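Asker: The file below is my_file_4.tsv, TSV, C-alpha atoms:
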```tsv
chain	number	residue	atom	x	y	z
A	1	MET	CA	172.55	203.18	102.27
A	2	ILE	CA	173.04	205.89	99.67
A	3	TYR	CA	171.04	209.09	99.66
A	4	THR	CA	171.07	211.26	96.55
A	5	PRO	CA	168.98	214.45	96.70
A	6	LEU	CA	167.32	214.72	93.29
A	7	HIS	CA	165.49	218.03	93.47
A	8	ALA	CA	167.73	220.14	95.66
A	9	GLY	CA	169.35	222.03	92.79
A	10	GLY	CA	172.84	220.98	93.89
A	11	LYS	CA	172.32	222.56	97.30
A	12	TYR	CA	172.78	219.34	99.29
A	13	PRO	CA	175.54	216.78	98.74
A	14	PRO	CA	174.86	213.05	98.38
A	15	MET	CA	175.48	210.84	101.42
A	16	ILE	CA	176.73	207.34	101.98
A	17	ILE	CA	175.43	206.04	105.31
A	18	GLU	CA	176.81	202.98	107.09
A	19	LEU	CA	175.07	201.66	110.21
A	20	LYS	CA	176.83	199.63	112.91
A	21	SER	CA	175.65	197.90	116.05
A	22	ASN	CA	177.92	197.81	119.10
A	23	LYS	CA	180.95	199.02	117.13
A	24	THR	CA	181.98	202.65	116.53
A	25	ALA	CA	180.85	205.37	114.17
A	26	SER	CA	184.47	205.73	113.09
A	27	ARG	CA	184.55	202.07	112.09
A	28	ALA	CA	181.47	202.62	109.96
A	29	VAL	CA	183.16	205.48	108.08
A	30	SER	CA	186.28	203.33	107.65
A	31	GLN	CA	184.13	200.62	106.06
A	32	ILE	CA	182.74	203.10	103.54
A	33	LYS	CA	186.32	203.82	102.50
A	34	SER	CA	187.67	200.25	102.59
A	35	LYS	CA	184.74	198.77	100.63
A	36	GLU	CA	184.88	201.76	98.25
A	37	TYR	CA	181.15	202.45	98.37
A	38	PHE	CA	181.90	205.91	96.98
A	39	HIS	CA	182.25	204.39	93.49
A	40	ALA	CA	178.47	204.71	93.32
A	41	PHE	CA	179.23	208.40	92.67
A	42	ASP	CA	181.91	208.01	90.00
A	43	TYR	CA	179.82	210.28	87.75
A	44	TYR	CA	179.66	213.00	90.41
A	45	CYS	CA	181.98	215.94	91.10
A	46	GLY	CA	181.66	217.83	94.37
A	47	LYS	CA	181.23	217.09	98.06
A	48	ILE	CA	180.08	213.70	99.34
A	49	LEU	CA	179.20	213.00	102.97
A	50	PHE	CA	180.41	209.76	104.54
A	51	VAL	CA	178.12	209.16	107.53
A	52	GLY	CA	178.83	206.48	110.13
A	53	ILE	CA	176.19	205.77	112.77
A	54	ASN	CA	176.60	203.34	115.66
A	55	TYR	CA	173.81	202.06	117.89
A	56	ASP	CA	174.64	200.19	121.07
A	57	GLU	CA	172.65	198.13	123.55
A	58	LYS	CA	172.50	200.99	126.05
A	59	LYS	CA	170.65	203.17	123.51
A	60	LYS	CA	173.66	205.42	123.14
A	61	HIS	CA	173.95	206.51	119.52
A	62	THR	CA	177.04	208.09	117.99
A	63	CYS	CA	177.56	209.61	114.58
A	64	GLU	CA	180.63	210.64	112.60
A	65	ILE	CA	180.45	212.65	109.39
A	66	GLU	CA	183.33	213.12	107.00
A	67	VAL	CA	183.11	215.50	104.05
A	68	VAL	CA	184.99	214.28	101.00
A	69	GLU	CA	185.65	216.47	97.96
A	70	LYS	CA	185.57	214.51	94.72
```
Could I get this structure in the form of structure tokens?
Answerer:
Amino acid sequence: MIYTPLHAGGKYPPMIIELKSNKTASRAVSQIKSKEYFHAFDYYCGKILFVGINYDEKKKHTCEIEVVEK
């Protein structure tokens, strides 16, 4: 999932969000990098947030956010 704030006046960076089930949030961020989802922002210069979210069967949710400067 890609989120691009349109009317924030550059105040908020775009985000690439990867969801996982019964894995790890770190693995989700790694997938963003390995599959090169960030090419959706080839036109963009600035910060991009890579957000990995994991949901598990026990309802424990974890999140990892990595800020990348492009």
Asker: Have a look at A:Cys45, A:Ala28, A:Met15, A:Ala40 and name the one nearest to Tyr3 in chain A; count all atoms listed in the file.
Answerer: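 Going through A:Cys45, A:Ala28, A:Met15, A:Ala40 one by one, the smallest distance to Tyr3 in chain A is for A:Met15.
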Asker: My list of candidates is A:Ile32, A:Val67, A:Ile48, A:Ile2. Which is closest to Lys20 in chain A when distances are computed with only C-alpha atoms?
Answerer: A:Ile32
Asker: When you draw a straight line from CA of Ala25 in chain A to CA of Ile53 in chain A, how long is it in Å?
Answerer: 4.9 Å
Asker: Which one of A:Pro14, A:Met1, A:Leu6, A:Val29 sits closest to Asn54 in chain A if you count only C-alpha atoms?
Answerer: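 Closest residue, counting only C-alpha atoms: A:Val29.
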Asker: Which residue gives the smallest distance to Gln31 in chain A among A:Gly52, A:Glu66, A:Thr4, A:Lys47, with all atoms listed in the file counted?
Answerer: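 Once distances to Gln31 in chain A are computed over all atoms listed in the file, the minimum belongs to A:Gly52.
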Asker: State, in Å with one decimal place, the distance from CA of Ile17 in chain A to CA of His39 in chain A.
Answerer: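 If I compute the distance from CA of Ile17 in chain A to CA of His39 in chain A, I get 13.7 Å.
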Asker: Return the single residue from A:Tyr12, A:Lys33, A:Pro5, A:Thr24 that is closest to Lys60 in chain A, with distances computed using all atoms listed in the file.
Answerer: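 Counting all atoms listed in the file, the residue closest to Lys60 in chain A is A:Thr24.
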Asker: Quick one, how far is CA of Glu36 in chain A from CA of Lys11 in chain A?
Answerer: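 Atom-to-atom, CA of Glu36 in chain A and CA of Lys11 in chain A are spaced 24.3 Å apart.
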Asker: Here is a test: counting only C-alpha atoms, which residue of A:Asp42, A:Tyr37, A:Lys59, A:Val68 is nearest to Glu18 in chain A?
Answerer: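 Ranking A:Asp42, A:Tyr37, A:Lys59, A:Val68 by distance to Glu18 in chain A, first place goes to A:Tyr37.
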Asker: Quick one: everything within 12 Å of Glu57 in chain A, counting all atoms listed in the file, minus sequence neighbours fewer than 5 positions away in the same chain. Send it as a PyMOL selection string.
Answerer: chain A and resi 20-23
Asker: Mind writing the picked residues with C-alpha atoms as a compact mmCIF listing (two decimals), in the coordinates of the input?
Answerer:
```txt
# COMPACT_ATOMS: atom_id res chain seq x y z
CA LYS A 20 176.83 199.63 112.91
CA SER A 21 175.65 197.90 116.05
CA ASN A 22 177.92 197.81 119.10
CA LYS A 23 180.95 199.02 117.13
```
